[in-house]
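Okay, target.cif is below, mmCIF, C-alpha atoms:
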```cif
data_protein
loop_
_atom_site.label_atom_id
_atom_site.label_comp_id
_atom_site.auth_asym_id
_atom_site.auth_seq_id
_atom_site.Cartn_x
_atom_site.Cartn_y
_atom_site.Cartn_z
CA MET A 1 136.99 106.08 130.11
CA THR A 2 134.35 106.42 127.40
CA SER A 3 133.21 103.13 125.89
CA LYS A 4 133.02 102.73 122.16
CA PRO A 5 129.55 102.87 120.61
CA ARG A 6 128.28 99.41 119.69
CA VAL A 7 127.28 99.37 116.02
CA GLY A 8 125.28 96.58 114.42
CA LEU A 9 126.30 96.41 110.76
CA PHE A 10 123.38 95.50 108.51
CA VAL A 11 125.42 93.95 105.70
CA THR A 12 122.56 93.68 103.10
CA CYS A 13 121.84 90.72 100.83
CA LEU A 14 123.61 92.13 97.77
CA VAL A 15 126.79 92.92 99.68
CA ASP A 16 126.79 89.47 101.26
CA LEU A 17 126.19 87.61 98.01
CA MET A 18 127.67 89.86 95.32
CA ARG A 19 130.28 92.20 96.81
CA PRO A 20 131.53 91.20 100.31
CA SER A 21 134.38 93.73 100.03
CA VAL A 22 131.81 96.48 100.70
CA GLY A 23 131.05 94.88 104.05
CA PHE A 24 134.72 94.63 104.96
CA ALA A 25 135.20 98.25 103.91
CA ALA A 26 132.28 99.31 106.11
CA VAL A 27 133.80 97.50 109.11
CA LYS A 28 137.16 99.20 108.50
CA LEU A 29 135.58 102.65 108.28
CA LEU A 30 133.41 102.17 111.37
CA GLU A 31 136.40 100.98 113.39
CA GLN A 32 138.41 103.98 112.19
CA ALA A 33 135.54 106.12 113.47
CA GLY A 34 135.95 104.61 116.93
CA CYS A 35 133.10 102.10 116.89
CA GLU A 36 132.89 98.52 118.05
CA VAL A 37 131.31 96.65 115.14
CA PHE A 38 129.06 93.60 115.34
CA VAL A 39 127.58 91.54 112.51
CA PRO A 40 124.75 89.42 113.99
CA ASP A 41 124.66 85.86 112.68
CA THR A 42 120.86 85.99 112.72
CA GLN A 43 120.48 88.94 110.37
CA THR A 44 118.64 88.33 107.13
CA CYS A 45 117.02 90.35 104.34
CA CYS A 46 115.51 93.69 105.35
CA GLY A 47 112.26 92.62 103.68
CA GLN A 48 112.13 95.38 101.10
CA PRO A 49 111.63 93.13 98.02
CA ALA A 50 108.73 91.38 99.72
CA TRP A 51 107.25 94.70 100.91
CA ASN A 52 107.46 96.24 97.43
CA ALA A 53 105.90 93.14 95.91
CA GLY A 54 102.91 93.28 98.25
CA ALA A 55 103.95 90.17 100.18
CA ASP A 56 103.17 91.87 103.48
CA LYS A 57 103.17 88.74 105.62
CA ASP A 58 106.69 87.81 104.50
CA ALA A 59 107.89 91.41 104.88
CA THR A 60 106.61 91.70 108.45
CA ALA A 61 108.22 88.39 109.42
CA LEU A 62 111.56 89.64 108.12
CA ALA A 63 111.08 92.99 109.87
CA ARG A 64 110.53 91.21 113.20
CA ALA A 65 113.70 89.17 112.65
CA VAL A 66 115.74 92.33 112.01
CA VAL A 67 114.32 94.04 115.09
CA ASP A 68 115.23 90.99 117.19
CA ALA A 69 118.76 90.88 115.77
CA PHE A 70 119.64 94.57 116.00
CA GLU A 71 117.70 96.31 118.77
CA SER A 72 120.41 95.74 121.41
CA PHE A 73 122.99 97.90 119.61
CA ASP A 74 123.56 101.63 120.06
CA TYR A 75 123.28 102.16 116.31
CA VAL A 76 122.32 100.22 113.20
CA VAL A 77 124.35 101.13 110.11
CA ALA A 78 123.84 99.92 106.53
CA PRO A 79 126.06 100.55 103.48
CA SER A 80 122.84 101.09 101.54
CA GLY A 81 120.23 103.83 101.57
CA SER A 82 117.71 101.33 100.25
CA CYS A 83 117.92 98.86 103.14
CA GLY A 84 118.42 101.70 105.60
CA GLY A 85 115.25 103.36 104.34
CA MET A 86 113.28 100.14 104.73
CA ILE A 87 114.29 99.81 108.38
CA LYS A 88 114.04 103.49 109.22
CA LEU A 89 110.81 104.38 107.43
CA HIS A 90 108.83 101.32 106.43
CA TYR A 91 109.07 98.95 109.39
CA VAL A 92 106.72 101.18 111.36
CA GLU A 93 104.21 100.89 108.53
CA ALA A 94 104.75 97.16 108.07
CA LEU A 95 104.32 96.47 111.81
CA ARG A 96 101.55 98.97 112.48
CA ASP A 97 99.12 96.22 113.53
CA ASP A 98 101.66 94.37 115.68
CA GLU A 99 101.46 96.04 119.07
CA ALA A 100 104.28 93.93 120.49
CA TYR A 101 106.77 95.03 117.80
CA LEU A 102 105.60 98.49 116.78
CA HIS A 103 107.31 100.45 119.57
CA ARG A 104 110.46 98.35 119.10
CA ALA A 105 110.45 99.15 115.37
CA LYS A 106 110.14 102.86 116.15
CA ALA A 107 113.09 102.68 118.54
CA LEU A 108 115.16 100.84 115.92
CA ALA A 109 114.27 103.44 113.29
CA GLU A 110 115.60 106.24 115.49
CA LYS A 111 119.09 104.73 115.59
CA THR A 112 119.33 103.47 111.99
CA HIS A 113 121.72 105.26 109.61
CA GLU A 114 123.20 104.99 106.15
CA LEU A 115 126.95 104.33 106.44
CA VAL A 116 128.51 107.54 105.08
CA SER A 117 126.00 109.85 106.76
CA PHE A 118 126.70 108.04 110.04
CA LEU A 119 130.44 108.56 109.65
CA ALA A 120 130.02 112.25 108.79
CA ASN A 121 127.08 113.34 110.92
CA VAL A 122 127.16 111.06 113.96
CA ARG A 123 130.87 110.31 114.30
CA GLY A 124 132.03 113.68 112.99
CA MET A 125 134.41 112.34 110.34
CA LYS A 126 135.58 115.25 108.19
CA SER A 127 138.32 113.63 106.10
CA ILE A 128 139.75 110.24 105.29
CA SER A 129 143.22 108.87 104.64
CA ALA A 130 142.81 107.18 101.27
CA HIS A 131 144.17 107.38 97.73
CA CYS A 132 142.36 106.87 94.45
CA ALA A 133 143.82 108.24 91.23
CA ALA A 134 140.68 108.73 89.18
CA ARG A 135 138.29 111.24 87.71
CA ALA A 136 134.95 110.24 89.17
CA CYS A 137 131.31 111.18 89.45
CA TYR A 138 128.85 110.22 92.17
CA HIS A 139 125.49 108.53 91.68
CA ASP A 140 122.82 109.40 94.26
CA SER A 141 120.46 106.47 94.66
CA CYS A 142 116.79 107.37 95.04
CA SER A 143 116.50 105.79 98.49
CA SER A 144 119.64 107.45 99.86
CA LEU A 145 118.67 110.82 98.46
CA ARG A 146 114.95 110.88 99.19
CA GLU A 147 114.45 108.53 102.14
CA MET A 148 117.73 108.86 104.05
CA LYS A 149 118.41 112.48 102.98
CA VAL A 150 122.02 111.71 102.09
CA ARG A 151 123.68 113.98 99.55
CA SER A 152 126.52 116.16 100.78
CA GLU A 153 128.12 113.60 103.11
CA PRO A 154 129.72 111.27 100.52
CA ARG A 155 130.91 114.22 98.49
CA ARG A 156 132.56 115.82 101.53
CA LEU A 157 134.49 112.67 102.44
CA LEU A 158 135.37 111.83 98.83
CA ALA A 159 136.80 115.34 98.46
CA SER A 160 139.51 114.37 100.95
CA VAL A 161 140.61 111.25 99.01
CA GLU A 162 144.05 111.92 97.56
CA GLY A 163 144.14 111.84 93.76
CA LEU A 164 140.37 111.78 93.28
CA GLN A 165 138.73 114.42 91.09
CA LEU A 166 134.97 114.52 91.55
CA SER A 167 132.64 115.88 88.86
CA GLU A 168 128.88 116.36 89.12
CA LEU A 169 126.33 114.74 86.86
CA LYS A 170 124.03 117.07 84.93
CA GLU A 171 120.95 115.37 86.44
CA PRO A 172 122.12 113.77 89.72
CA GLU A 173 118.61 113.35 91.11
CA VAL A 174 117.30 111.27 88.20
CA CYS A 175 116.76 107.53 88.83
CA CYS A 176 119.10 105.04 87.13
CA GLY A 177 116.19 102.70 86.38
CA PHE A 178 117.04 99.92 88.83
CA GLY A 179 114.39 100.39 91.51
CA GLY A 180 114.61 96.76 92.64
CA LEU A 181 111.56 95.03 91.20
CA PHE A 182 110.96 97.96 88.82
CA SER A 183 113.79 96.81 86.55
CA VAL A 184 112.28 93.31 86.47
CA LYS A 185 108.67 94.37 85.88
CA TYR A 186 109.42 97.14 83.40
CA PRO A 187 112.69 96.17 81.66
CA ASP A 188 112.19 98.37 78.58
CA ILE A 189 111.63 101.50 80.66
CA SER A 190 114.47 100.55 82.98
CA GLU A 191 116.83 100.11 80.03
CA ARG A 192 116.03 103.56 78.68
CA MET A 193 116.56 105.11 82.11
CA VAL A 194 119.91 103.41 82.68
CA ASP A 195 121.08 104.42 79.20
CA ASP A 196 120.20 108.05 79.98
CA LYS A 197 122.14 107.83 83.25
CA ILE A 198 125.16 106.29 81.53
CA ALA A 199 125.09 109.08 78.92
CA ASP A 200 125.16 111.60 81.78
CA VAL A 201 128.12 109.77 83.37
CA THR A 202 129.99 109.60 80.06
CA ALA A 203 129.48 113.33 79.43
CA THR A 204 131.43 114.19 82.59
CA GLY A 205 134.54 112.50 81.22
CA ALA A 206 134.75 110.37 84.37
CA ASP A 207 136.63 107.08 84.34
CA MET A 208 134.99 105.96 87.59
CA LEU A 209 131.41 105.95 88.87
CA ILE A 210 130.95 105.87 92.64
CA GLY A 211 127.74 105.28 94.57
CA GLY A 212 126.34 104.12 97.87
CA ASP A 213 123.77 101.49 96.85
CA LEU A 214 125.00 98.24 95.37
CA GLY A 215 121.78 97.52 93.49
CA CYS A 216 122.14 100.68 91.42
CA LEU A 217 125.85 100.05 90.90
CA LEU A 218 125.37 96.48 89.68
CA HIS A 219 122.63 97.71 87.34
CA LEU A 220 124.88 100.43 85.91
CA ALA A 221 128.02 98.27 85.78
CA GLY A 222 126.22 95.47 83.96
CA ARG A 223 124.77 97.78 81.33
CA MET A 224 128.08 99.58 80.76
CA GLU A 225 129.90 96.27 80.42
CA ARG A 226 127.43 95.19 77.73
CA GLN A 227 128.01 98.51 75.97
CA GLY A 228 131.78 98.00 76.09
CA LYS A 229 132.43 101.07 78.22
CA ALA A 230 135.62 101.17 80.31
CA ILE A 231 134.21 103.16 83.25
CA GLN A 232 135.01 101.57 86.62
CA VAL A 233 132.19 101.25 89.15
CA ARG A 234 132.85 101.21 92.91
CA HIS A 235 130.94 101.50 96.14
CA VAL A 236 131.81 104.62 98.11
CA ALA A 237 132.84 102.51 101.12
CA GLU A 238 135.51 100.74 99.06
CA VAL A 239 136.97 104.05 97.90
CA LEU A 240 136.96 105.63 101.38
CA ALA A 241 138.46 102.50 102.93
CA ASP A 242 141.29 102.57 100.35
CA MET A 243 140.49 99.06 99.12
CA GLN A 244 141.98 97.94 95.84
CA ASP A 245 139.50 95.21 94.88
CA PRO A 246 138.53 94.88 91.21
CA ALA A 247 135.82 97.25 90.07
CA LEU A 248 132.29 95.96 89.54
CA GLY A 249 132.12 94.25 86.19
CA GLU A 250 135.73 93.02 86.48
CA LEU A 251 134.95 90.12 88.84
#
```
Rewrite the coordinates I just gave you, this time as structure tokens.
Amino acid sequence: MTSKPRVGLFVTCLVDLMRPSVGFAAVKLLEQAGCEVFVPDTQTCCGQPAWNAGADKDATALARAVVDAFESFDYVVAPSGSCGGMIKLHYVEALRDDEAYLHRAKALAEKTHELVSFLANVRGMKSISAHCAARACYHDSCSSLREMKVRSEPRRLLASVEGLQLSELKEPEVCCGFGGLFSVKYPDISERMVDDKIADVTATGADMLIGGDLGCLLHLAGRMERQGKAIQVRHVAEVLADMQDPALGEL
């Protein structure tokens, strides 16, 4: 009898504090894919905000805590390319002078995955039993696209969702202007970038925007709400898990 792979779910700060339904959706999808899912009580922030702000000491302390919490699992999965990219790519850099943790960080990086790519590429999920009556477009976050190399996987699984029509943005690889601290440090530039992205979304005729990184989605949903646009915004995990929670901006 083959045992189920033990997956440590890295929930992320934004999911925990702003949109817990994404975490529940991730658990549902991972269990459907035949995994045993664990959410360590000791997990904390991935350290990316501190790392990007140049607070290296704080970032390395958080990286060590994540390594301690997750290294015992077969896989680490995050419903976020941003947090996944921090663990997979930047922990090795952050801990380069810590001989005791460096090899552990490298081992953790090897088994860290973004949620949808894990379902499609590691667990071999080709379709999903879900329904969503909407005309949608998909937003590729910069971290998912460039750091985690995720592009085709969410589109393949979303194509199997009953009732969902998926259209492509004209410029899918262009940043939405969130960028974590970027939107705080450069609000005027960020505002112009998000407006350009929203114009691209609107031009598709979509009534729903789907994406895999909650930071981007909150950024887009907030701006569209202020503009009075009626486009729903959902995390891809919620759509694939057939969850009927209110869209972002409706909470």
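The coordinates place atom CA of Glu71 of chain A at 11.2 Å from atom CA of His103 of chain A.
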Evaluating the PyMOL selection byres ((chain A and resi 11) around 8) on the displayed file yields which residues, as a PyMOL selection string? chain A and resi 9-10+12-13+15-16+23+39+78-79
Expand the PyMOL selection byres ((chain A and resi 187-199) around 9) into the individual residues it matches in the shown file, reporting them as number ranges by chain. A: 169, 171-172, 174-179, 182-186, 200-204, 219-220, 223-224
Keeping only C-alpha atoms, take the residues you just selected and write them out as an mmCIF file, keeping the file's coordinate frame.
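Final output, saved to selection.cif:
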```
data_model
loop_
_atom_site.group_PDB
_atom_site.id
_atom_site.type_symbol
_atom_site.label_atom_id
_atom_site.label_comp_id
_atom_site.auth_asym_id
_atom_site.auth_seq_id
_atom_site.Cartn_x
_atom_site.Cartn_y
_atom_site.Cartn_z
ATOM 1 C CA LEU A 169 126.330 114.740 86.860
ATOM 2 C CA GLU A 171 120.950 115.370 86.440
ATOM 3 C CA PRO A 172 122.120 113.770 89.720
ATOM 4 C CA VAL A 174 117.300 111.270 88.200
ATOM 5 C CA CYS A 175 116.760 107.530 88.830
ATOM 6 C CA CYS A 176 119.100 105.040 87.130
ATOM 7 C CA GLY A 177 116.190 102.700 86.380
ATOM 8 C CA PHE A 178 117.040 99.920 88.830
ATOM 9 C CA GLY A 179 114.390 100.390 91.510
ATOM 10 C CA PHE A 182 110.960 97.960 88.820
ATOM 11 C CA SER A 183 113.790 96.810 86.550
ATOM 12 C CA VAL A 184 112.280 93.310 86.470
ATOM 13 C CA LYS A 185 108.670 94.370 85.880
ATOM 14 C CA TYR A 186 109.420 97.140 83.400
ATOM 15 C CA ASP A 200 125.160 111.600 81.780
ATOM 16 C CA VAL A 201 128.120 109.770 83.370
ATOM 17 C CA THR A 202 129.990 109.600 80.060
ATOM 18 C CA ALA A 203 129.480 113.330 79.430
ATOM 19 C CA THR A 204 131.430 114.190 82.590
ATOM 20 C CA HIS A 219 122.630 97.710 87.340
ATOM 21 C CA LEU A 220 124.880 100.430 85.910
ATOM 22 C CA ARG A 223 124.770 97.780 81.330
ATOM 23 C CA MET A 224 128.080 99.580 80.760
#
```
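With all atoms listed in the file as the atoms that count, the minimum distance from Ile128 of chain A to the choices A:Arg155, A:Ala206, A:Met86, A:Lys111 is reached by A:Arg155.
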Determine the residue membership of the PyMOL selection byres ((chain A and resi 42-48) around 9) for the file above and supply it as an MDAnalysis selection string. chainID A and resid 10:13 39:41 49:53 58:63 65:66 68:70 82:84 86:87 90 180
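Interatomic distance, atom CA of Leu209 of chain A against atom CA of Thr112 of chain A: 26.2 Å.
Counting all atoms listed in the file and comparing A:Ala33, A:Cys137, A:Leu240, A:Val233, the residue that lies closest to Ser160 of chain A is A:Leu240.
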Applying 8 Å and all atoms listed in the file, which residues near Ser141 of chain A remain after dropping the ones on its own chain fewer than 3 positions away? List them as a ChimeraX atom specification. /A:81,144-145,173,175-176,211-213,216
One decimal place gives the atom CA of Glu99 of chain A-atom CA of His113 of chain A separation as 24.2 Å
